[in-house]
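protein.csv (CSV, C-alpha atoms)
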```
chain,number,residue,atom,x,y,z
A,1,MET,CA,0.0,0.0,0.0
A,2,GLY,CA,3.0,2.2,-0.3
A,3,SER,CA,3.2,2.7,3.5
A,4,PHE,CA,4.7,1.1,6.5
A,5,PHE,CA,2.4,-0.1,9.3
A,6,GLU,CA,3.0,-0.2,13.0
A,7,VAL,CA,1.1,-1.9,15.8
A,8,ARG,CA,1.6,-0.8,19.4
A,9,ILE,CA,0.3,-2.9,22.3
A,10,PRO,CA,1.2,-3.2,26.0
A,11,ALA,CA,4.5,-5.0,26.5
A,12,ASN,CA,2.9,-7.4,29.1
A,13,THR,CA,0.1,-8.6,26.8
A,14,PRO,CA,-0.1,-12.4,26.9
A,15,ALA,CA,1.1,-13.8,23.6
A,16,GLY,CA,1.6,-10.2,22.5
A,17,THR,CA,4.2,-10.7,19.9
A,18,GLU,CA,2.1,-13.4,18.2
A,19,LEU,CA,-0.9,-11.2,18.4
A,20,ALA,CA,0.9,-8.2,16.8
A,21,CYS,CA,2.2,-10.4,14.0
A,22,ARG,CA,-1.3,-11.8,13.3
A,23,ALA,CA,-2.6,-8.2,13.0
A,24,LEU,CA,0.2,-7.3,10.5
A,25,ASP,CA,-0.3,-10.6,8.6
A,26,ARG,CA,-3.9,-9.5,8.1
A,27,ILE,CA,-2.7,-6.3,6.5
A,28,ASP,CA,-0.5,-8.3,4.2
A,29,GLU,CA,-3.4,-10.5,3.2
A,30,LEU,CA,-5.5,-7.4,2.3
A,31,GLU,CA,-2.6,-5.9,0.4
A,32,ALA,CA,-2.6,-9.0,-1.8
A,33,GLN,CA,-6.3,-8.7,-2.3
A,34,LEU,CA,-6.8,-4.9,-2.8
A,35,THR,CA,-3.7,-3.7,-4.6
A,36,VAL,CA,-3.8,-2.5,-8.2
A,37,TYR,CA,0.0,-3.1,-8.5
A,38,ARG,CA,-0.4,-6.9,-8.8
A,39,ASP,CA,-2.2,-8.5,-11.7
A,40,ASP,CA,-3.3,-11.5,-9.6
A,41,SER,CA,-5.1,-9.4,-6.9
A,42,GLU,CA,-8.9,-9.6,-6.6
A,43,VAL,CA,-9.3,-6.0,-7.4
A,44,SER,CA,-7.1,-6.3,-10.5
A,45,ARG,CA,-9.2,-9.2,-11.6
A,46,LEU,CA,-12.3,-7.1,-11.3
A,47,ASN,CA,-10.7,-4.3,-13.3
A,48,ALA,CA,-9.8,-6.7,-16.1
A,49,LYS,CA,-13.0,-8.6,-16.4
A,50,ALA,CA,-16.0,-7.1,-14.5
A,51,HIS,CA,-17.2,-5.4,-17.7
A,52,LEU,CA,-17.8,-8.8,-19.2
A,53,GLY,CA,-20.3,-9.8,-16.5
A,54,PRO,CA,-20.8,-9.8,-12.7
A,55,ILE,CA,-18.0,-11.4,-10.7
A,56,LYS,CA,-18.5,-12.9,-7.3
A,57,VAL,CA,-16.1,-11.5,-4.7
A,58,ASP,CA,-15.1,-12.0,-1.1
A,59,GLN,CA,-17.7,-10.7,1.4
A,60,GLY,CA,-15.2,-8.4,3.0
A,61,LEU,CA,-14.3,-6.8,-0.3
A,62,PHE,CA,-17.9,-6.5,-1.3
A,63,ASP,CA,-18.8,-4.7,2.0
A,64,LEU,CA,-15.8,-2.4,1.5
A,65,LEU,CA,-16.9,-1.5,-2.1
A,66,ARG,CA,-20.5,-0.9,-0.8
A,67,THR,CA,-19.2,1.4,1.9
A,68,ALA,CA,-17.0,3.3,-0.6
A,69,ASP,CA,-20.0,3.6,-3.0
A,70,GLU,CA,-22.2,4.9,-0.2
A,71,ILE,CA,-19.7,7.5,0.7
A,72,GLY,CA,-19.5,8.5,-2.9
A,73,ARG,CA,-23.3,8.9,-3.0
A,74,GLU,CA,-23.4,10.9,0.2
A,75,THR,CA,-20.6,13.3,-0.9
A,76,GLN,CA,-22.2,13.8,-4.3
A,77,GLY,CA,-19.2,12.3,-6.2
A,78,ALA,CA,-16.4,14.1,-4.3
A,79,TYR,CA,-15.3,10.7,-3.3
A,80,ASP,CA,-15.3,8.0,-6.1
A,81,VAL,CA,-13.8,4.5,-5.8
A,82,THR,CA,-13.9,4.2,-9.6
A,83,ALA,CA,-11.4,7.1,-10.2
A,84,GLY,CA,-8.6,4.7,-11.0
A,85,ALA,CA,-8.6,5.6,-14.7
A,86,LEU,CA,-8.0,9.3,-13.7
A,87,SER,CA,-5.1,8.4,-11.4
A,88,ALA,CA,-3.5,6.4,-14.3
A,89,ALA,CA,-4.0,9.2,-16.8
A,90,TRP,CA,-2.1,11.6,-14.5
A,91,GLY,CA,0.6,9.1,-13.8
A,92,PHE,CA,-0.1,8.8,-10.1
A,93,THR,CA,-0.6,5.0,-10.3
A,94,ARG,CA,2.5,3.8,-12.1
A,95,GLY,CA,4.1,7.1,-13.4
A,96,PRO,CA,5.5,9.1,-14.8
A,97,LYS,CA,3.5,11.9,-13.3
A,98,ARG,CA,2.2,14.2,-16.1
A,99,VAL,CA,-0.6,16.5,-17.2
A,100,PRO,CA,-2.7,14.4,-19.6
A,101,ASP,CA,-3.7,15.8,-22.9
A,102,SER,CA,-7.4,16.6,-23.4
A,103,GLU,CA,-8.2,13.4,-25.3
A,104,THR,CA,-6.6,11.2,-22.7
A,105,LEU,CA,-8.4,13.1,-19.9
A,106,THR,CA,-11.8,12.8,-21.7
A,107,ARG,CA,-11.4,9.1,-22.1
A,108,ALA,CA,-10.5,8.7,-18.4
A,109,ARG,CA,-13.5,10.7,-17.3
A,110,GLU,CA,-15.8,8.6,-19.5
A,111,ARG,CA,-14.7,5.6,-17.5
A,112,THR,CA,-15.1,7.2,-14.1
A,113,GLY,CA,-18.2,7.4,-12.0
A,114,ARG,CA,-20.1,5.3,-9.5
A,115,GLN,CA,-22.9,4.9,-12.0
A,116,HIS,CA,-20.7,2.5,-13.9
A,117,LEU,CA,-20.3,0.3,-10.8
A,118,HIS,CA,-23.0,-2.3,-10.1
A,119,LEU,CA,-23.1,-4.1,-6.8
A,120,ASP,CA,-25.5,-7.1,-6.3
A,121,THR,CA,-26.0,-7.6,-2.5
A,122,ALA,CA,-27.9,-10.9,-3.0
A,123,ASP,CA,-25.2,-12.6,-5.0
A,124,CYS,CA,-22.2,-10.6,-3.7
A,125,THR,CA,-21.1,-9.7,-7.2
A,126,VAL,CA,-19.5,-6.7,-8.8
A,127,GLY,CA,-19.9,-5.6,-12.4
A,128,PHE,CA,-19.1,-2.7,-14.6
A,129,ASP,CA,-21.3,-1.3,-17.4
A,130,ARG,CA,-18.3,-0.5,-19.7
A,131,GLU,CA,-14.8,-1.6,-20.3
A,132,GLY,CA,-12.0,0.4,-18.8
A,133,VAL,CA,-13.5,1.2,-15.4
A,134,VAL,CA,-10.8,1.0,-12.8
A,135,ILE,CA,-11.4,0.6,-9.1
A,136,ASN,CA,-8.6,2.0,-7.0
A,137,LEU,CA,-8.9,1.6,-3.2
A,138,GLY,CA,-5.9,3.8,-2.4
A,139,SER,CA,-8.0,6.3,-0.5
A,140,ILE,CA,-9.8,3.8,1.6
A,141,GLY,CA,-8.0,0.5,1.6
A,142,LYS,CA,-5.3,1.5,4.0
A,143,GLY,CA,-7.9,2.6,6.6
A,144,TYR,CA,-9.8,-0.6,6.0
A,145,ALA,CA,-6.6,-2.7,6.6
A,146,ILE,CA,-6.1,-0.8,9.8
A,147,ASP,CA,-9.7,-1.5,10.9
A,148,GLU,CA,-9.1,-5.2,10.1
A,149,ALA,CA,-5.9,-5.3,12.2
A,150,ALA,CA,-7.8,-3.7,15.0
A,151,ARG,CA,-10.5,-6.4,14.7
A,152,VAL,CA,-7.8,-9.1,15.1
A,153,ILE,CA,-6.6,-7.5,18.3
A,154,ARG,CA,-10.1,-6.8,19.6
A,155,ASP,CA,-10.9,-10.6,19.2
A,156,HIS,CA,-7.9,-11.6,21.2
A,157,TRP,CA,-8.8,-13.6,24.3
A,158,TRP,CA,-7.0,-11.1,26.5
A,159,PRO,CA,-8.5,-7.5,26.4
A,160,THR,CA,-5.8,-5.6,24.7
A,161,PRO,CA,-5.6,-1.9,23.8
A,162,ALA,CA,-3.7,-0.9,20.7
A,163,LEU,CA,-2.6,2.0,18.5
A,164,ILE,CA,-2.3,1.1,14.8
A,165,HIS,CA,-1.1,3.4,12.0
A,166,GLY,CA,-0.3,3.2,8.4
A,167,GLY,CA,2.2,5.7,7.1
A,168,GLN,CA,1.3,8.0,9.9
A,169,SER,CA,-1.6,9.4,7.9
A,170,SER,CA,-4.1,6.8,9.1
A,171,VAL,CA,-4.5,5.7,12.7
A,172,TYR,CA,-6.9,3.8,14.9
A,173,ALA,CA,-6.8,3.8,18.7
A,174,LEU,CA,-8.3,0.7,20.3
A,175,GLY,CA,-9.3,1.2,23.9
A,176,SER,CA,-7.3,3.3,26.4
A,177,PRO,CA,-3.5,3.5,26.6
A,178,PRO,CA,-1.7,1.1,29.1
A,179,GLY,CA,-2.3,2.2,32.7
A,180,LEU,CA,-5.2,4.5,31.9
A,181,LEU,CA,-8.6,2.8,32.5
A,182,ALA,CA,-10.6,5.6,30.9
A,183,GLY,CA,-7.9,7.6,29.1
A,184,ARG,CA,-7.3,8.3,25.4
A,185,TRP,CA,-4.3,7.9,23.2
A,186,SER,CA,-2.5,11.1,22.2
A,187,VAL,CA,-1.7,11.5,18.5
A,188,SER,CA,0.2,14.5,17.0
A,189,LEU,CA,-1.6,16.3,14.2
A,190,ARG,CA,0.9,17.0,11.4
A,191,ASN,CA,1.6,20.6,10.4
A,192,PRO,CA,1.6,20.8,6.6
A,193,PHE,CA,3.8,24.0,6.7
A,194,ASP,CA,6.4,22.7,9.2
A,195,PRO,CA,6.3,18.9,9.8
A,196,SER,CA,8.8,19.3,12.6
A,197,ARG,CA,6.2,21.2,14.7
A,198,PRO,CA,2.8,19.5,15.1
A,199,LEU,CA,-0.4,21.6,14.9
A,200,GLY,CA,-1.6,20.0,18.1
A,201,ILE,CA,-2.6,16.8,19.8
A,202,ILE,CA,-5.7,14.7,19.0
A,203,GLN,CA,-7.1,12.5,21.7
A,204,LEU,CA,-8.5,9.1,20.5
A,205,CYS,CA,-10.3,6.2,22.1
A,206,ASN,CA,-12.0,3.6,19.8
A,207,ARG,CA,-11.8,6.1,17.1
A,208,ALA,CA,-9.8,6.8,13.9
A,209,LEU,CA,-7.9,9.7,12.4
A,210,GLY,CA,-7.2,10.1,8.7
A,211,THR,CA,-5.3,13.0,7.1
A,212,SER,CA,-5.2,14.0,3.4
A,213,GLY,CA,-3.2,16.7,1.7
A,214,ALA,CA,-1.9,17.4,-1.8
A,215,ALA,CA,1.5,18.6,-0.6
A,216,PHE,CA,2.4,15.0,0.4
A,217,GLN,CA,2.5,13.9,-3.3
A,218,GLN,CA,2.7,16.4,-6.2
A,219,PHE,CA,4.6,17.5,-9.2
A,220,GLU,CA,5.3,20.7,-11.1
A,221,ASP,CA,4.5,21.5,-14.7
A,222,GLY,CA,4.5,24.8,-16.4
A,223,GLY,CA,5.0,26.7,-13.2
A,224,ARG,CA,1.9,25.1,-11.5
A,225,MET,CA,2.0,22.4,-8.8
A,226,TYR,CA,-0.4,19.5,-9.3
A,227,GLY,CA,-1.4,17.4,-6.3
A,228,HIS,CA,-2.4,13.7,-6.4
A,229,ILE,CA,-5.9,14.3,-5.0
A,230,LEU,CA,-8.0,14.4,-8.2
A,231,ASP,CA,-11.6,15.6,-8.3
A,232,PRO,CA,-13.6,12.7,-9.9
A,233,ARG,CA,-16.2,15.3,-11.1
A,234,THR,CA,-13.7,17.2,-13.2
A,235,GLY,CA,-10.9,14.8,-13.7
A,236,GLU,CA,-8.3,17.3,-12.4
A,237,PRO,CA,-6.7,18.3,-9.1
A,238,PRO,CA,-8.2,21.5,-7.6
A,239,GLU,CA,-6.0,24.5,-8.3
A,240,HIS,CA,-6.6,25.8,-4.7
A,241,GLY,CA,-7.4,23.4,-1.9
A,242,PRO,CA,-6.8,23.2,1.8
A,243,ALA,CA,-3.2,22.5,3.0
A,244,SER,CA,-4.5,19.4,4.8
A,245,VAL,CA,-7.8,17.8,6.0
A,246,SER,CA,-8.0,15.5,9.0
A,247,VAL,CA,-11.1,13.5,9.9
A,248,LEU,CA,-12.1,11.8,13.1
A,249,ALA,CA,-14.5,8.9,12.6
A,250,PRO,CA,-15.6,5.6,14.1
A,251,SER,CA,-13.5,3.7,11.5
A,252,ALA,CA,-10.2,4.3,9.7
A,253,ALA,CA,-11.8,3.5,6.4
A,254,GLU,CA,-14.4,6.3,6.9
A,255,ALA,CA,-11.7,8.7,8.1
A,256,ASP,CA,-9.5,8.1,5.0
A,257,ALA,CA,-12.3,8.4,2.5
A,258,LEU,CA,-13.9,11.4,4.0
A,259,SER,CA,-10.6,13.3,4.4
A,260,THR,CA,-10.2,12.9,0.7
A,261,ALA,CA,-13.8,14.0,0.0
A,262,PHE,CA,-13.7,17.0,2.3
A,263,TYR,CA,-10.4,18.2,0.7
A,264,LEU,CA,-12.4,18.5,-2.5
A,265,MET,CA,-15.6,19.8,-1.0
A,266,GLY,CA,-14.1,22.6,1.1
A,267,PRO,CA,-15.1,23.7,4.6
A,268,VAL,CA,-18.6,25.0,3.8
A,269,LYS,CA,-19.8,21.8,2.2
A,270,ALA,CA,-18.0,19.7,4.7
A,271,ALA,CA,-19.7,21.5,7.5
A,272,ALA,CA,-23.1,20.9,5.8
A,273,PHE,CA,-22.3,17.2,5.4
A,274,LEU,CA,-21.4,16.9,9.1
A,275,ALA,CA,-24.3,19.0,10.4
A,276,ASN,CA,-26.2,15.9,11.6
A,277,ARG,CA,-23.2,13.6,12.1
A,278,PRO,CA,-21.8,14.3,15.6
A,279,GLU,CA,-19.8,11.1,15.5
A,280,ILE,CA,-17.5,12.5,12.7
A,281,GLY,CA,-15.3,15.5,13.0
A,282,ALA,CA,-13.0,17.4,10.7
A,283,ILE,CA,-10.0,19.8,10.9
A,284,LEU,CA,-9.2,21.8,7.8
A,285,VAL,CA,-6.0,23.8,7.6
A,286,LEU,CA,-6.3,26.4,4.9
A,287,ASP,CA,-3.4,27.2,2.6
A,288,ALA,CA,-1.3,30.1,3.7
A,289,GLU,CA,-1.4,31.5,0.2
A,290,GLU,CA,-5.2,31.9,0.5
A,291,THR,CA,-5.3,33.4,4.0
A,292,ARG,CA,-2.7,35.1,6.0
A,293,PRO,CA,-2.3,34.1,8.7
A,294,PRO,CA,-3.4,30.5,7.9
A,295,ARG,CA,-6.6,29.4,9.6
A,296,MET,CA,-7.6,26.1,11.1
A,297,ILE,CA,-11.3,25.3,10.9
A,298,ARG,CA,-12.7,22.7,13.3
A,299,ILE,CA,-16.1,21.0,12.6
A,300,ASN,CA,-17.5,18.7,15.3
A,301,VAL,CA,-14.1,18.6,17.1
A,302,SER,CA,-14.4,19.6,20.7
A,303,ASP,CA,-11.6,21.0,23.0
A,304,GLU,CA,-11.5,17.5,24.6
A,305,ASP,CA,-10.7,16.0,21.1
A,306,TYR,CA,-8.0,18.6,20.2
A,307,ARG,CA,-5.3,20.4,22.2
A,308,PRO,CA,-3.4,23.0,20.2
A,309,ASP,CA,0.4,23.2,20.3
A,310,PRO,CA,1.2,26.6,21.8
A,311,SER,CA,4.3,26.9,19.7
A,312,VAL,CA,2.3,27.0,16.5
A,313,ARG,CA,0.5,30.3,15.7
A,314,LEU,CA,-2.7,29.8,13.8
A,315,ALA,CA,-5.8,31.9,13.8
A,316,MET,CA,-8.4,29.5,15.1
A,317,SER,CA,-11.9,29.2,13.9
A,318,SER,CA,-14.1,26.6,15.7
A,319,ARG,CA,-17.6,25.3,14.9
```
Can the structure from this file be put into structure tokens for me?
Amino acid sequence: MGSFFEVRIPANTPAGTELACRALDRIDELEAQLTVYRDDSEVSRLNAKAHLGPIKVDQGLFDLLRTADEIGRETQGAYDVTAGALSAAWGFTRGPKRVPDSETLTRARERTGRQHLHLDTADCTVGFDREGVVINLGSIGKGYAIDEAARVIRDHWWPTPALIHGGQSSVYALGSPPGLLAGRWSVSLRNPFDPSRPLGIIQLCNRALGTSGAAFQQFEDGGRMYGHILDPRTGEPPEHGPASVSVLAPSAAEADALSTAFYLMGPVKAAAFLANRPEIGAILVLDAEETRPPRMIRINVSDEDYRPDPSVRLAMSSR
């Protein structure tokens, strides 16, 4: 998945090493199933043949695709699991990174959209209505793998808290830290302008945090920077987006997908989306080029959830 994963559990956990290894093995299993970089993965098989007719898939994969499709519907297409053709056109999948010509971009857009994805719950099958549709789970698969690793630890015979992260951009906190019966794990929130100085501390317990930002993967062409977060509705990266978006959610899969969607939706539409969803929160850091000084916008994130770092000067805006 292009990331390293880490599992932290108490040192005195019975059979703790074996438990942590089983959790990491589960991530390896999902990498083999979900990746688009191996032709023999289940997702690659779908991308190659699902236009020929419905293909029966593993129940876990089907449920993940259904979740991804539902998030796409709820965000009105800001998140789209079928955007793999766009990623390939821009060279973000296998490279080289490039600005596609208009014809290439048009063809990719014609093969993108949740309307081309057909999920049959009764038979657990997946089908496409045209050739060339490409599922890419890069913006939700890592979170899903973390959720599955957490499930392995949750099912252990000995109650075990854990902190699991993938590439430090997706994290899930299971239970309370060792020695704290009702406490929460403390996780630093990355500062997109100065990674050496965190924006603050997020407090997590049985909750996930996912962060998206174009600055983490981009290229320059013709004097313009192009980020890897593509808007499925236009086929292009936004010219001006937030510096970063972090989402707190019950699952790491939701946090990952929604952080991508909110990056494209912006703070106003993200706030509208979250108006009746108190279980989900978001922190958007606006680009310093758009506002000086930079602003952090918190939506459904309480002072108990977030503690600012006093060394970082940001004009705060809470909601």
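Put simply, atom CA of Ser170 of chain A is 25.7 Å away from atom CA of Ala15 of chain A.
What separates atom CA of Ile283 of chain A from atom CA of Val301 of chain A is a distance of 7.5 Å.
Atom CA of Arg22 of chain A to atom CA of Leu137 of chain A spans 22.6 Å [interatomic distance, one decimal].
Comparing the minimum interatomic distances between Arg224 of chain A and each of A:Val134, A:Leu181, A:Asn300, A:Val99, counting all atoms listed in the file, we find that A:Val99 sits nearest.
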* **Nearest to Ala275 of chain A by atom-to-atom distance, counting only C-alpha atoms, from A:Ile299, A:Ala83, A:Leu61, A:Ala252** => A:Ile299
* To do: Neighbourhood query: residues within 9 Å of (-8.3, 17.3, 19.3), file coordinates, counting only C-alpha atoms; return as number ranges by chain.
  => A: 186-187, 189, 200-204, 283, 301-308
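Residue neighbourhood of Gly53 of chain A, excluding near-sequence residues (fewer than 2 positions): Leu46, Lys49, Ala50, His51, Ile55, Lys56, Thr125, Val126, Gly127, Phe128 and Asp129 of chain A, at 10 Å, using all atoms listed in the file.
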Please, could you write that set of residues out with C-alpha atoms as a PDB file, in the coordinates of the input?
```
ATOM      1  CA  LEU A  46     -12.300  -7.100 -11.300  1.00  0.00           C
ATOM      2  CA  LYS A  49     -13.000  -8.600 -16.400  1.00  0.00           C
ATOM      3  CA  ALA A  50     -16.000  -7.100 -14.500  1.00  0.00           C
ATOM      4  CA  HIS A  51     -17.200  -5.400 -17.700  1.00  0.00           C
ATOM      5  CA  ILE A  55     -18.000 -11.400 -10.700  1.00  0.00           C
ATOM      6  CA  LYS A  56     -18.500 -12.900  -7.300  1.00  0.00           C
ATOM      7  CA  THR A 125     -21.100  -9.700  -7.200  1.00  0.00           C
ATOM      8  CA  VAL A 126     -19.500  -6.700  -8.800  1.00  0.00           C
ATOM      9  CA  GLY A 127     -19.900  -5.600 -12.400  1.00  0.00           C
ATOM     10  CA  PHE A 128     -19.100  -2.700 -14.600  1.00  0.00           C
ATOM     11  CA  ASP A 129     -21.300  -1.300 -17.400  1.00  0.00           C
TER      12      ASP A 129
END
```
